[in-house]
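Scroll down for the structure; my scribbles are underneath it.
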4 protein chains.
Amino acid sequence: MIIIMKMGASPQEIDSVVQRVESLGFQTHLSQGEERTIVGVIGDERPVDKDSLGRMRGVERIVPILRPFKLASRDFQPNDTVFQLNGHSIGGQKVIVIAGPCAVESREQILETAYAVREAGAHLLRGGAFKPRTSPYSFQGLGEEGLDYLAEAREATGLAIVTEVMAPEQVALVANYADVLQIGTRNMQNYALLHAVGESGKPVLLKRGMMSTIEELLMSAEYILSHGNRRVMLCERGIRTFETYTRNTLDINAVPVLKELTHLPVVVDPSHATGKWHLVSAASKAAVAAGADGLIIEVHPNPELAMSDGAQSLRPTRFAELMDQLRPVAEAVSRTI
Amino acid sequence: MIIIMKMGASPQEIDSVVQRVESLGFQTHLSQGEERTIVGVIGDERPVDKDSLGRMRGVERIVPILRPFKLASRDFQPNDTVFQLNGHSIGGQKVIVIAGPCAVESREQILETAYAVREAGAHLLRGGAFKPRTSPYSFQGLGEEGLDYLAEAREATGLAIVTEVMAPEQVALVANYADVLQIGTRNMQNYALLHAVGESGKPVLLKRGMMSTIEELLMSAEYILSHGNRRVMLCERGIRTFETYTRNTLDINAVPVLKELTHLPVVVDPSHATGKWHLVSAASKAAVAAGADGLIIEVHPNPELAMSDGAQSLRPTRFAELMDQLRPVAEAVSRTI
Amino acid sequence: MIIIMKMGASPQEIDSVVQRVESLGFQTHLSQGEERTIVGVIGDERPVDKDSLGRMRGVERIVPILRPFKLASRDFQPNDTVFQLNGHSIGGQKVIVIAGPCAVESREQILETAYAVREAGAHLLRGGAFKPRTSPYSFQGLGEEGLDYLAEAREATGLAIVTEVMAPEQVALVANYADVLQIGTRNMQNYALLHAVGESGKPVLLKRGMMSTIEELLMSAEYILSHGNRRVMLCERGIRTFETYTRNTLDINAVPVLKELTHLPVVVDPSHATGKWHLVSAASKAAVAAGADGLIIEVHPNPELAMSDGAQSLRPTRFAELMDQLRPVAEAVSRTI
Amino acid sequence: MIIIMKMGASPQEIDSVVQRVESLGFQTHLSQGEERTIVGVIGDERPVDKDSLGRMRGVERIVPILRPFKLASRDFQPNDTVFQLNGHSIGGQKVIVIAGPCAVESREQILETAYAVREAGAHLLRGGAFKPRTSPYSFQGLGEEGLDYLAEAREATGLAIVTEVMAPEQVALVANYADVLQIGTRNMQNYALLHAVGESGKPVLLKRGMMSTIEELLMSAEYILSHGNRRVMLCERGIRTFETYTRNTLDINAVPVLKELTHLPVVVDPSHATGKWHLVSAASKAAVAAGADGLIIEVHPNPELAMSDGAQSLRPTRFAELMDQLRPVAEAVSRTI
C-alpha cells in the first residue's frame, strides 16, 4: 500500500500517518517528491481498511499494491484447479459443456432435453428448480418437485446435475439432489449464501454478477474458498452495459483475464450473455477460442412454449449442430470437447 | 402487448401467433402496415412470458404496453404512501433524516453517534450489525451484540433504528430489535430475502441495486408489497457507471421518476452515492431540492478510525452544519426537515 | 509517478527501469516491500507516456500521482474564473440561465422564444443553427440563415447568443454571430475543433461527452485553455448509463467535483440530462442546490411541433414557473438567479 | 411506428393524434385495448421526429417499427459488401489483418514494422500520422511527415495504408497518401467529418464510438453511405463499461449482431478492446471465431519505447506467433487468413 500525501501536507500530518501505519504493525518508507510526499507501507495490507486511513489529515489517496484476493489467486496456487465430476475433468484440457433448460417445467420436458443434450455430446445437465425471477408474478420454478425430476434425468442419462440454490436454508436440500450448486448472477454477493455453499463442500458454479467487476467475482470466490470449498467454477455470463440490442454484453476479455489471475476453471454462458438464440453460436465459438474451460448453454425442446428464457434457448437440433461446430474450434486452440 | 411480425411473415405464421395468443385468453387486433403486420393483444399481459412468444416463427419483437409492477404503481394507488414511525410521518411533508455509522463498532461509538445525530436533528438512527463486505477478510459486523447496542441507543435517545438484514433466517432476529429492516444494494434481487421481509410486516428500506434499473427496483418492491407488507421506502444510493472519480453516480433523476411512477416514499443515500464525505453536502441538498422524502447519511465520531466507509462518513459537527444548510433548501421546495 | 514492480522482479529489471526513468531526467527513490519493489519517480510526470514505461520487463503497474490537467486545475488557479458577458458575470454569485430552443427553426420561432425567455428572466439565448443529428435523414439545422435569425433575436431582446459550432472551418463564421461558442457532447474530444475555438478567443460552453469522465472533460478544457482561450464554461449534460427510463443520467456529483477540481464555471443542462420535460424542474432545482453556476434549458413555443428535442423542451409558461421555483432554491444556497 | 396513448386518453386527444399523423401523409389504424388505445401508423416513419409527436396530449410512448438506418441494412442490400483493395477482397472469405504501430514515430520505425508485419502475413499497414490524444501535452503525431513515411513503407512493402483523419479539412491531404481513411472512436459522431469522407470516395474504416450503440454505429455508417461512399468497414474496438481491469470491454456480441443487421464488413481491434498486449491473442482468436472479417492489431518494434499505446502493442515476434495461432481458428470457421 502506498499513501500519497496532499500537496503541502505538513510534517505533522505526515508524521501522524506514519505513526498510525506503524501502530498497525507495518514498516514505512518515506519518499519526498517535488510536490508531494509518499509513504510506502511494507507488509500484508489486505486486512486494513484503506477508506479510513484515507481520511487522515493530509492524505490525498491510498494506492493498494496487493490484490485483495488470496486463495483464488495464481500467486497462491500457480497450477490450474482440476477436479473430477462424474468421470469428467473440470478445468482440464477438455472443454466441458453444460446444457439444459432454464427451468425444469415438467418430467417430460427435462427427460427429453437430457436425452437430447447427452446425445449431442453435453457433459452435464442444467435446469432450475428454484428460479429467481424479476417479477413476483412470473413462474418461480417447481421447487423440490423439479429436483426430483432432475434426479430422475440423471438416473436415466448418467448426466451430472447443475442447479441453482437461492437461499442458505435451501443448500442442504439442493445439495441432496445436485452435483453442482449454481449461484446465480443476482446472488453473487449474497454472502450468507456464499458462506453456506462454502461449507457444503459440493462443487459450485459461481456466476458473475451482471454488475460486478472481475475482481469482485474473485472476491466472492474467495468467500467460498475461505469456507473450505475448493471446487469452484467461475462463470462469465455477460455484463450490463449501455448496449440494449443484446440482453447483456459478453465480456470475452474476462476469459483470458481470469485465466491469468486465478487457477479456477472458467465457464462461459453464451445464452444469458447474448439473450438471443441466434447469437449463441458465435458467442460459444468465441468463448472456446478465447480459452474458456466450459460452456453452459440453454436448450429447450420447444422454446416458443418455454416458461422462461425462450428467446435465448436453442432447440436440441441447433444445439447438436453447435456441438459439431465447436469441435474444430476447440481443436484449433489445442482442446477437445 | 404488441407483437411486431417480421417483414415478409407468412399468413400462416401470423395465424399461428393469433391462435396462440387467443388460446391464452386474449383478444387480438391485426394491423397491416406497409412492410410489417402488427398484432395488438388486448388483456392483462403481465403474467405472459414475452420471451417465448417472441420465439414463434415470423415474430420480430414484442412490445409490452403495461408496466410490469402493479401494487407499487401510481395507477394502483394514486396517493402517496405515508406511514408513522416513532412519531414521524414517513412519506409526508417532512423530509426524514436517518443518520449514523456504517457499522456498529462498539457500545460507546453507537451511543456517542446517536446522541450527536439526535442533537443535530436526525429522526432515525442507522447502524449495521450484519455487514455485507466484498472481502471475507474485512470486518463483518458485531452481529447480535451490535443489535443489543442499537437497542440501547434507541432506549437512550428515543431514535428509531434502521439496520440491515442479510438473510431470510436472520429476519426474525433483526426484526426483534429494529424499527426498519434495511435491504442492502447487493440484496435488492435476493428474492428469498424480499419474501421474508414481506412477511415480517416491519417497515423496509429497500436500497436500489447499484446496477439495477428503476423498473427493477420497483419490481423488487412489488415482491415485498405482494407478500403483504405495504410499508416500503425506496432508496436511491448511486449507481455504477464508467465514472470512477466518485464511488457511485447519484442518479438524481431517479427521485422525480420514482415520485411519478410510485406512491412509495423515496430516500436518498448521499454517502454511498458519492463515496466522499466532502461531496455529501452538495448531494444532500440536491436530493432535497429534487423532491426526496428522506436522506440516509453516514456519520461517525472518528471517520479516520472507522472499520468501514470512513471515507464517506461525516463527523458529527459536519453533520450538524449540513442539517442547518438543508433547512432552507427544504423550505425552498415547500418541505420541512 | 510510482512504478510498482512485479513480485519477483529481478535486480537487473529494477535497474533498467531506474536507468530508463533517470535518462528521462527524473530522480528515483527505491522502496523495497515484502513482496514487491516500488520505484518512486520525482519530477513532473505529465509528458511521459506511462503506457510504454509499463511495458518494461518486471513492471506490474504505473500509478500516476499528478492530475493530467494543469491550466484547468485549482492548483494552478485557486480562485474561480469569472468573466463578463453582456452585463452578466459568468461564474460569480449569480446563477446564469441560458434558455431557448434546441434548433432555430424559423425567424418567428426564435423571436417568440427569445422574448418569452427574457421575460421569464433568462440571461442568454440558446439555439442551434448547425445541428449534429444521429440520422442523416433528420433536420440538420438552418445553417447561416439560423445564425441571422439569432442575431436578429439578440438585436431585439438584448440577450447574448449561445450556439453550437461543429467543425473547425465553421468557427470563424459562427464566431461572427455568437457570443458563446458551444461544443456539443459528440465533439468534446474533437481536438481539431477544440484547437480552433481555443484560438478564436470567444467564450466557450464545453459540453461533457455523454461517455466521458470528469477528468476527460477537464483535459478537453485544457486543450482550449492551452490554445490561449481562458473563458471556458463546463457543462454537465447527463451521461450514458444502463438506465433507460431517462435519456441520460444527470451526474449531479459532477457539480461539486468540478467546483473542487477546477476554477472554471459549471453549467448544468437538465433538458438533455433527463430527456423528459416533466423531469426538468426537479433536475434544475437539484443542480442549483448542488452548486451549479448556470443552467441551460430547452424552451420551445410548441414542443409538439418541434423539429428536434420536443420531448424535453419546456413551453414558455412552464419555463417561467420554473424560474419562479428556482429563485428560493438559489437563495437557500446563498446565490441569486 | 406505433403510438401508445395514455390510460384514460380522451377521444379528442386520440383524434388530434390521428389527424396530426394523417396530415404528415400516413395512414392510421386504431386498436382499442382494455386500458389503452393504440394508434398504428402505416408508412415510412424514418423522417418523422418521434420526440415531438410524443409530446402531444394523451400520448404515452412512441414505438418505432423500422430501424433508422437504410443503406447500411441487410433489408436494403442482402448480400455482403465485398470490395478489392490492393489485391485483397475486403468482406470476403478471407480474414484481413491490418497491423502496425499506433503512431508513426520515425521513418525507421514504420519501415521496420511494415517489413515485419508483411513477413508475418498481414495484409494492410496501419499507422497514425495525426493522433487524437486526450492530453494537449502528449505527442500529437508527425503530421504530413508521418504520411510521407507511410507512403515510403507502402512503396517498400506493397502493403496498403490505413491511417486516421481527424478533421474535414485534412481529408484531401490524407486521402492523397492513404488507401483507407480511418475515423477514430472519438470522431464516430463527428458529422462534418463523416460527410467529408463520404464525399472523398476512399474506403473508410469507421471505428465504433467507445460508448456508442451498435445502432449509432450503423447510423454513422449511413452518413458515409448516403454521401455516396459505399466502401465502409465497421470496427468494433471495445466499449466503455464499469470494468476497469481492461482498458475497454470487447463487445464480441457486436460481431454476429452486425453481420446480421448489415452487409458491411466487420473488423475487430483487439488492441484497444483489451488495452493489454497479453490479452490480444485471446481476443483476436475470439473475434475470428465469432465471424469477424478482419482484425486491426497494434504492433511496435519496441513497445517499451513507444510514444503511445505501448501497453497494448505486440512485438513483431509475438505478432508472427499470433498469426500462426489464428490460421487454424480461421479454418475452424471455414475462413482463411
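Residue names in the C-alpha cells use chain letters A, B, ... in the order shown, residue numbers from 1 in each chain, and ligand numbers from 1 in the order shown.
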Inset, instruction - Please return, as number ranges by chain, all residues of chain D lying within 8 Å of chain A when only C-alpha atoms are considered. - result: D: 211-214, 241-246, 249-253, 256-257, 274, 279, 282-283, 285-291, 325, 328-329, 332-333
Would you write out those residues with C-alpha atoms, as a PDB file, in the first residue's frame?
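Listing of out_38.pdb after writing:
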ATOM      1  CA  MET D 211     -19.836   4.407 -25.725  1.00  0.00           C
ATOM      2  CA  SER D 212     -21.927   4.216 -28.862  1.00  0.00           C
ATOM      3  CA  THR D 213     -24.533   1.596 -29.510  1.00  0.00           C
ATOM      4  CA  ILE D 214     -24.469  -0.721 -32.466  1.00  0.00           C
ATOM      5  CA  THR D 241     -18.131  -0.217 -19.131  1.00  0.00           C
ATOM      6  CA  PHE D 242     -17.726  -0.313 -15.364  1.00  0.00           C
ATOM      7  CA  GLU D 243     -14.963  -2.939 -15.663  1.00  0.00           C
ATOM      8  CA  THR D 244     -11.587  -1.283 -15.195  1.00  0.00           C
ATOM      9  CA  TYR D 245      -9.212  -4.230 -15.314  1.00  0.00           C
ATOM     10  CA  THR D 246      -9.158  -3.915 -19.104  1.00  0.00           C
ATOM     11  CA  THR D 249     -14.678  -4.265 -22.934  1.00  0.00           C
ATOM     12  CA  LEU D 250     -14.607  -6.078 -26.275  1.00  0.00           C
ATOM     13  CA  ASP D 251     -18.255  -6.373 -27.302  1.00  0.00           C
ATOM     14  CA  ILE D 252     -17.841  -9.674 -29.073  1.00  0.00           C
ATOM     15  CA  ASN D 253     -21.621  -9.942 -29.466  1.00  0.00           C
ATOM     16  CA  PRO D 256     -22.644 -11.517 -35.109  1.00  0.00           C
ATOM     17  CA  VAL D 257     -25.144  -8.714 -34.495  1.00  0.00           C
ATOM     18  CA  THR D 274      -8.222  -5.008 -24.230  1.00  0.00           C
ATOM     19  CA  LEU D 279      -4.825 -10.307 -23.881  1.00  0.00           C
ATOM     20  CA  ALA D 282      -7.242 -14.462 -26.893  1.00  0.00           C
ATOM     21  CA  ALA D 283      -9.322 -11.522 -28.120  1.00  0.00           C
ATOM     22  CA  LYS D 285      -8.970 -15.681 -31.708  1.00  0.00           C
ATOM     23  CA  ALA D 286     -12.391 -14.920 -30.254  1.00  0.00           C
ATOM     24  CA  ALA D 287     -13.037 -12.300 -32.935  1.00  0.00           C
ATOM     25  CA  VAL D 288     -12.193 -14.665 -35.776  1.00  0.00           C
ATOM     26  CA  ALA D 289     -14.239 -17.465 -34.214  1.00  0.00           C
ATOM     27  CA  ALA D 290     -17.202 -15.093 -33.860  1.00  0.00           C
ATOM     28  CA  GLY D 291     -17.116 -14.263 -37.549  1.00  0.00           C
ATOM     29  CA  GLN D 325      -2.358 -19.332 -33.994  1.00  0.00           C
ATOM     30  CA  PRO D 328      -6.379 -22.894 -37.542  1.00  0.00           C
ATOM     31  CA  VAL D 329      -9.091 -20.820 -35.847  1.00  0.00           C
ATOM     32  CA  ALA D 332     -12.324 -23.987 -37.959  1.00  0.00           C
ATOM     33  CA  VAL D 333     -14.949 -21.437 -39.033  1.00  0.00           C
TER      34      VAL D 333
END
Inset, instruction - Might you pull out every residue within 9 Å of stretch 193-209 of chain D, with only C-alpha atoms counted and same-chain residues fewer than 5 positions away left off, and present them as a ChimeraX atom specification? - result: /C:167 /D:85,162,164-169,171-172,175,178-188,214,216-217,220-221,223-239,267,269
Restricting the output to C-alpha atoms, write the selected residues as a short mmCIF file (atom, residue, chain, number, x, y, z; two decimals), in the first residue's frame.
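The result, stored in part30.cif:
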data_model
loop_
_atom_site.label_atom_id
_atom_site.label_comp_id
_atom_site.auth_asym_id
_atom_site.auth_seq_id
_atom_site.Cartn_x
_atom_site.Cartn_y
_atom_site.Cartn_z
CA ALA C 167 -16.29 21.91 -37.41
CA LEU D 85 -8.05 -3.33 -52.00
CA VAL D 162 -4.75 2.66 -43.22
CA GLU D 164 -6.60 8.26 -39.36
CA VAL D 165 -8.11 11.54 -40.48
CA MET D 166 -9.26 13.92 -37.75
CA ALA D 167 -10.86 16.91 -39.44
CA PRO D 168 -12.76 17.64 -42.66
CA GLU D 169 -10.06 19.96 -43.95
CA VAL D 171 -9.40 14.70 -45.75
CA ALA D 172 -7.94 15.76 -49.09
CA ALA D 175 -6.61 10.79 -48.98
CA ALA D 178 -3.83 6.67 -47.64
CA ASP D 179 -5.62 3.67 -49.11
CA VAL D 180 -8.13 3.58 -46.27
CA LEU D 181 -9.27 6.56 -44.19
CA GLN D 182 -9.75 5.70 -40.55
CA ILE D 183 -12.36 7.51 -38.45
CA GLY D 184 -11.36 7.19 -34.80
CA THR D 185 -13.63 6.26 -31.93
CA ARG D 186 -13.88 9.88 -30.68
CA ASN D 187 -14.98 11.04 -34.12
CA MET D 188 -17.65 8.43 -34.82
CA ILE D 214 -24.47 -0.72 -32.47
CA GLU D 216 -25.49 4.50 -33.64
CA LEU D 217 -22.50 2.93 -35.39
CA SER D 220 -22.78 6.91 -38.67
CA ALA D 221 -22.08 4.46 -41.48
CA TYR D 223 -23.94 9.20 -43.14
CA ILE D 224 -20.97 7.99 -45.18
CA LEU D 225 -23.07 5.75 -47.43
CA SER D 226 -25.64 8.46 -48.03
CA HIS D 227 -22.89 10.81 -49.21
CA GLY D 228 -22.05 8.35 -51.93
CA ASN D 229 -19.27 6.22 -50.48
CA ARG D 230 -20.15 2.52 -50.28
CA ARG D 231 -16.77 1.15 -49.20
CA VAL D 232 -17.14 1.27 -45.44
CA MET D 233 -15.69 -1.19 -42.91
CA LEU D 234 -17.10 -1.15 -39.41
CA CYS D 235 -14.73 -1.64 -36.49
CA GLU D 236 -15.63 -2.95 -33.04
CA ARG D 237 -12.87 -1.67 -30.76
CA GLY D 238 -14.23 -2.18 -27.28
CA ILE D 239 -16.75 -0.19 -25.35
CA VAL D 267 -13.29 -5.62 -38.32
CA ASP D 269 -9.48 -4.14 -32.91
#
Give me, as a CSV table (one decimal) with N, CA, C and O atoms, in the first residue's frame, the residues of stretch 163-326 of chain B that a backbone DSSP run labels strand (DSSP E).
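As written to disk, part08.csv reads:
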chain,number,residue,atom,x,y,z
B,163,THR,N,-31.6,-0.9,10.5
B,163,THR,CA,-30.4,-1.8,10.4
B,163,THR,C,-30.6,-2.9,9.3
B,163,THR,O,-31.8,-3.3,9.0
B,164,GLU,N,-29.5,-3.3,8.8
B,164,GLU,CA,-29.6,-4.2,7.6
B,164,GLU,C,-29.8,-5.7,8.0
B,164,GLU,O,-29.3,-6.2,9.1
B,180,VAL,N,-36.9,-0.5,11.4
B,180,VAL,CA,-36.9,-0.6,9.9
B,180,VAL,C,-35.8,-1.6,9.5
B,180,VAL,O,-34.7,-1.5,10.0
B,181,LEU,N,-36.3,-2.5,8.7
B,181,LEU,CA,-35.3,-3.5,8.1
B,181,LEU,C,-34.7,-3.0,6.8
B,181,LEU,O,-35.5,-2.6,5.9
B,182,GLN,N,-33.4,-2.9,6.7
B,182,GLN,CA,-32.8,-2.4,5.5
B,182,GLN,C,-32.4,-3.6,4.6
B,182,GLN,O,-31.8,-4.5,5.1
B,183,ILE,N,-32.7,-3.5,3.3
B,183,ILE,CA,-32.2,-4.5,2.4
B,183,ILE,C,-31.1,-3.7,1.6
B,183,ILE,O,-31.3,-2.7,1.0
B,204,VAL,N,-39.7,-1.4,5.7
B,204,VAL,CA,-38.5,-1.9,5.0
B,204,VAL,C,-37.9,-0.6,4.3
B,204,VAL,O,-38.6,0.2,3.7
B,205,LEU,N,-36.6,-0.5,4.3
B,205,LEU,CA,-35.8,0.4,3.5
B,205,LEU,C,-35.1,-0.4,2.4
B,205,LEU,O,-34.2,-1.1,2.7
B,206,LEU,N,-35.6,-0.3,1.2
B,206,LEU,CA,-35.1,-1.1,0.1
B,206,LEU,C,-34.1,-0.3,-0.8
B,206,LEU,O,-34.5,0.6,-1.4
B,207,LYS,N,-32.9,-0.7,-0.7
B,207,LYS,CA,-31.9,0.1,-1.5
B,207,LYS,C,-31.8,-0.4,-2.9
B,207,LYS,O,-31.9,-1.7,-3.2
B,232,VAL,N,-42.9,0.3,2.6
B,232,VAL,CA,-41.7,0.1,2.0
B,232,VAL,C,-41.2,1.5,1.6
B,232,VAL,O,-41.9,2.3,1.0
B,233,MET,N,-39.9,1.8,1.9
B,233,MET,CA,-39.3,3.0,1.4
B,233,MET,C,-38.2,2.6,0.4
B,233,MET,O,-37.5,1.6,0.6
B,234,LEU,N,-38.2,3.4,-0.7
B,234,LEU,CA,-37.2,3.1,-1.7
B,234,LEU,C,-36.0,4.0,-1.5
B,234,LEU,O,-36.1,5.1,-1.1
B,235,CYS,N,-34.8,3.4,-1.8
B,235,CYS,CA,-33.6,4.2,-1.5
B,235,CYS,C,-32.7,4.3,-2.8
B,235,CYS,O,-32.1,3.3,-3.2
B,236,GLU,N,-32.5,5.5,-3.3
B,236,GLU,CA,-31.5,5.7,-4.4
B,236,GLU,C,-30.2,5.9,-3.7
B,236,GLU,O,-30.1,6.8,-2.9
B,266,VAL,N,-39.5,8.0,-1.1
B,266,VAL,CA,-38.2,7.9,-1.8
B,266,VAL,C,-37.1,8.6,-0.9
B,266,VAL,O,-37.2,9.8,-0.6
B,267,VAL,N,-36.1,7.8,-0.5
B,267,VAL,CA,-35.0,8.2,0.3
B,267,VAL,C,-33.7,8.2,-0.5
B,267,VAL,O,-33.5,7.4,-1.4
B,268,VAL,N,-32.8,9.2,-0.2
B,268,VAL,CA,-31.5,9.2,-1.0
B,268,VAL,C,-30.4,9.0,0.0
B,268,VAL,O,-30.4,9.6,1.1
B,294,GLY,N,-36.6,11.7,2.1
B,294,GLY,CA,-35.7,11.4,3.2
B,294,GLY,C,-34.3,11.3,2.7
B,294,GLY,O,-34.0,11.2,1.5
B,295,LEU,N,-33.4,11.3,3.7
B,295,LEU,CA,-32.0,11.1,3.5
B,295,LEU,C,-31.4,10.1,4.5
B,295,LEU,O,-31.9,10.0,5.6
B,296,ILE,N,-30.5,9.3,4.1
B,296,ILE,CA,-29.8,8.4,5.0
B,296,ILE,C,-28.3,8.7,4.9
B,296,ILE,O,-27.7,8.6,3.8
B,297,ILE,N,-27.7,9.2,6.0
B,297,ILE,CA,-26.4,9.8,5.9
B,297,ILE,C,-25.4,9.1,6.9
B,297,ILE,O,-25.8,8.9,8.1
B,298,GLU,N,-24.2,8.7,6.5
B,298,GLU,CA,-23.3,8.1,7.4
B,298,GLU,C,-22.6,9.1,8.2
B,298,GLU,O,-21.9,10.1,7.7
Legend entry - stretch 142-159 of chain A surroundings by only C-alpha atoms, 12 Å radius, close-in-sequence under 4 positions cut, as a PyMOL selection string: chain A and resi 85-88+97-119+121-132+163-166+170+172-180+307
What does the file look like for those residues with N, CA and C atoms, as a compact mmCIF listing (two decimals), in the first residue's frame?
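Writing done, so here's part_6.txt:
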# COMPACT_ATOMS: atom_id res chain seq x y z
N LEU A 85 -15.66 -34.84 -12.00
CA LEU A 85 -17.09 -34.81 -11.78
C LEU A 85 -17.70 -35.85 -12.70
N ASN A 86 -18.16 -36.92 -12.12
CA ASN A 86 -18.89 -37.89 -12.93
C ASN A 86 -18.07 -38.37 -14.12
N GLY A 87 -16.76 -38.54 -13.87
CA GLY A 87 -15.91 -39.04 -14.95
C GLY A 87 -15.34 -37.98 -15.86
N HIS A 88 -15.70 -36.71 -15.65
CA HIS A 88 -15.12 -35.65 -16.46
C HIS A 88 -14.16 -34.81 -15.62
N VAL A 97 -19.22 -29.07 -21.50
CA VAL A 97 -20.47 -28.42 -21.93
C VAL A 97 -21.61 -28.83 -21.01
N ILE A 98 -22.23 -27.82 -20.42
CA ILE A 98 -23.38 -27.99 -19.55
C ILE A 98 -24.58 -27.49 -20.34
N ALA A 99 -25.61 -28.30 -20.48
CA ALA A 99 -26.74 -27.87 -21.31
C ALA A 99 -28.04 -28.29 -20.66
N GLY A 100 -29.08 -27.57 -21.01
CA GLY A 100 -30.41 -27.89 -20.48
C GLY A 100 -31.28 -26.66 -20.42
N PRO A 101 -32.50 -26.86 -19.95
CA PRO A 101 -33.45 -25.74 -19.97
C PRO A 101 -33.15 -24.73 -18.85
N CYS A 102 -33.65 -23.52 -19.03
CA CYS A 102 -33.59 -22.53 -17.97
C CYS A 102 -34.25 -23.11 -16.72
N ALA A 103 -35.52 -23.49 -16.87
CA ALA A 103 -36.27 -24.04 -15.73
C ALA A 103 -36.75 -25.45 -16.05
N VAL A 104 -36.76 -26.28 -15.02
CA VAL A 104 -37.44 -27.57 -15.13
C VAL A 104 -38.94 -27.26 -15.12
N GLU A 105 -39.62 -27.67 -16.18
CA GLU A 105 -41.05 -27.34 -16.28
C GLU A 105 -41.95 -28.56 -16.08
N SER A 106 -41.40 -29.74 -16.42
CA SER A 106 -42.17 -30.98 -16.25
C SER A 106 -41.20 -32.13 -16.36
N ARG A 107 -41.65 -33.30 -15.93
CA ARG A 107 -40.84 -34.52 -16.02
C ARG A 107 -40.47 -34.80 -17.48
N GLU A 108 -41.45 -34.68 -18.36
CA GLU A 108 -41.21 -34.97 -19.78
C GLU A 108 -40.18 -34.01 -20.37
N GLN A 109 -40.39 -32.74 -20.06
CA GLN A 109 -39.51 -31.72 -20.65
C GLN A 109 -38.05 -31.97 -20.26
N ILE A 110 -37.80 -32.24 -18.99
CA ILE A 110 -36.40 -32.37 -18.58
C ILE A 110 -35.81 -33.68 -19.09
N LEU A 111 -36.62 -34.73 -19.12
CA LEU A 111 -36.10 -36.00 -19.63
C LEU A 111 -35.79 -35.89 -21.12
N GLU A 112 -36.71 -35.32 -21.87
CA GLU A 112 -36.50 -35.18 -23.31
C GLU A 112 -35.23 -34.36 -23.58
N THR A 113 -35.08 -33.28 -22.82
CA THR A 113 -33.90 -32.44 -23.03
C THR A 113 -32.63 -33.18 -22.63
N ALA A 114 -32.69 -33.89 -21.53
CA ALA A 114 -31.50 -34.60 -21.05
C ALA A 114 -31.01 -35.61 -22.08
N TYR A 115 -31.92 -36.39 -22.61
CA TYR A 115 -31.52 -37.36 -23.64
C TYR A 115 -30.92 -36.64 -24.84
N ALA A 116 -31.56 -35.55 -25.24
CA ALA A 116 -31.12 -34.83 -26.45
C ALA A 116 -29.73 -34.23 -26.26
N VAL A 117 -29.49 -33.61 -25.13
CA VAL A 117 -28.18 -32.95 -24.97
C VAL A 117 -27.07 -33.99 -24.75
N ARG A 118 -27.42 -35.11 -24.10
CA ARG A 118 -26.41 -36.16 -23.96
C ARG A 118 -26.04 -36.71 -25.33
N GLU A 119 -27.05 -36.94 -26.13
CA GLU A 119 -26.84 -37.43 -27.49
C GLU A 119 -25.92 -36.49 -28.29
N GLY A 121 -23.68 -34.64 -27.07
CA GLY A 121 -22.32 -34.59 -26.53
C GLY A 121 -22.14 -33.73 -25.28
N ALA A 122 -23.23 -33.23 -24.71
CA ALA A 122 -23.08 -32.44 -23.48
C ALA A 122 -22.58 -33.33 -22.34
N HIS A 123 -21.90 -32.72 -21.37
CA HIS A 123 -21.33 -33.49 -20.26
C HIS A 123 -22.14 -33.37 -18.97
N LEU A 124 -22.83 -32.27 -18.80
CA LEU A 124 -23.66 -32.09 -17.60
C LEU A 124 -25.01 -31.52 -18.03
N LEU A 125 -25.99 -31.70 -17.13
CA LEU A 125 -27.35 -31.22 -17.41
C LEU A 125 -27.66 -30.05 -16.48
N ARG A 126 -28.14 -28.96 -17.04
CA ARG A 126 -28.56 -27.85 -16.20
C ARG A 126 -30.09 -27.79 -16.20
N GLY A 127 -30.65 -27.12 -15.19
CA GLY A 127 -32.10 -26.97 -15.11
C GLY A 127 -32.42 -26.37 -13.75
N GLY A 128 -33.25 -25.34 -13.73
CA GLY A 128 -33.55 -24.66 -12.48
C GLY A 128 -34.83 -25.18 -11.84
N ALA A 129 -34.76 -25.48 -10.57
CA ALA A 129 -35.95 -25.88 -9.81
C ALA A 129 -36.44 -24.68 -9.00
N PHE A 130 -35.50 -23.90 -8.50
CA PHE A 130 -35.83 -22.65 -7.82
C PHE A 130 -35.36 -21.52 -8.74
N LYS A 131 -36.27 -20.67 -9.17
CA LYS A 131 -35.94 -19.67 -10.18
C LYS A 131 -36.03 -18.26 -9.62
N PRO A 132 -34.95 -17.50 -9.65
CA PRO A 132 -35.05 -16.09 -9.28
C PRO A 132 -35.67 -15.33 -10.44
N THR A 163 -27.71 -27.18 -10.69
CA THR A 163 -28.97 -26.47 -10.45
C THR A 163 -28.76 -25.38 -9.41
N GLU A 164 -29.61 -24.36 -9.49
CA GLU A 164 -29.38 -23.17 -8.69
C GLU A 164 -29.92 -23.31 -7.27
N VAL A 165 -29.20 -22.67 -6.34
CA VAL A 165 -29.68 -22.60 -4.96
C VAL A 165 -29.77 -21.11 -4.63
N MET A 166 -30.88 -20.71 -4.02
CA MET A 166 -31.17 -19.29 -3.86
C MET A 166 -31.07 -18.75 -2.43
N GLN A 170 -31.81 -23.37 1.78
CA GLN A 170 -32.09 -24.37 0.74
C GLN A 170 -30.87 -25.24 0.43
N ALA A 172 -28.93 -27.40 1.94
CA ALA A 172 -28.90 -28.82 2.29
C ALA A 172 -29.82 -29.61 1.35
N LEU A 173 -31.02 -29.08 1.14
CA LEU A 173 -31.97 -29.74 0.25
C LEU A 173 -31.42 -29.89 -1.16
N VAL A 174 -30.97 -28.77 -1.72
CA VAL A 174 -30.50 -28.81 -3.11
C VAL A 174 -29.25 -29.70 -3.23
N ALA A 175 -28.38 -29.64 -2.23
CA ALA A 175 -27.16 -30.44 -2.28
C ALA A 175 -27.46 -31.93 -2.26
N ASN A 176 -28.61 -32.28 -1.75
CA ASN A 176 -29.06 -33.68 -1.74
C ASN A 176 -29.30 -34.22 -3.14
N TYR A 177 -29.68 -33.34 -4.04
CA TYR A 177 -30.02 -33.74 -5.40
C TYR A 177 -28.92 -33.39 -6.41
N ALA A 178 -28.29 -32.24 -6.21
CA ALA A 178 -27.42 -31.70 -7.27
C ALA A 178 -26.00 -32.20 -7.17
N ASP A 179 -25.30 -32.20 -8.32
CA ASP A 179 -23.87 -32.48 -8.34
C ASP A 179 -23.07 -31.18 -8.27
N VAL A 180 -23.67 -30.12 -8.80
CA VAL A 180 -23.03 -28.79 -8.76
C VAL A 180 -24.09 -27.79 -8.32
N MET A 307 -41.35 -21.56 -20.26
CA MET A 307 -41.89 -20.69 -19.22
C MET A 307 -40.90 -19.59 -18.84
Inset, instruction - Identify, with DSSP run on backbone atoms, the residues in stretch 212-252 of chain B assigned to alpha helix (DSSP H), and express the list as a ChimeraX atom specification. - result: /B:214-226
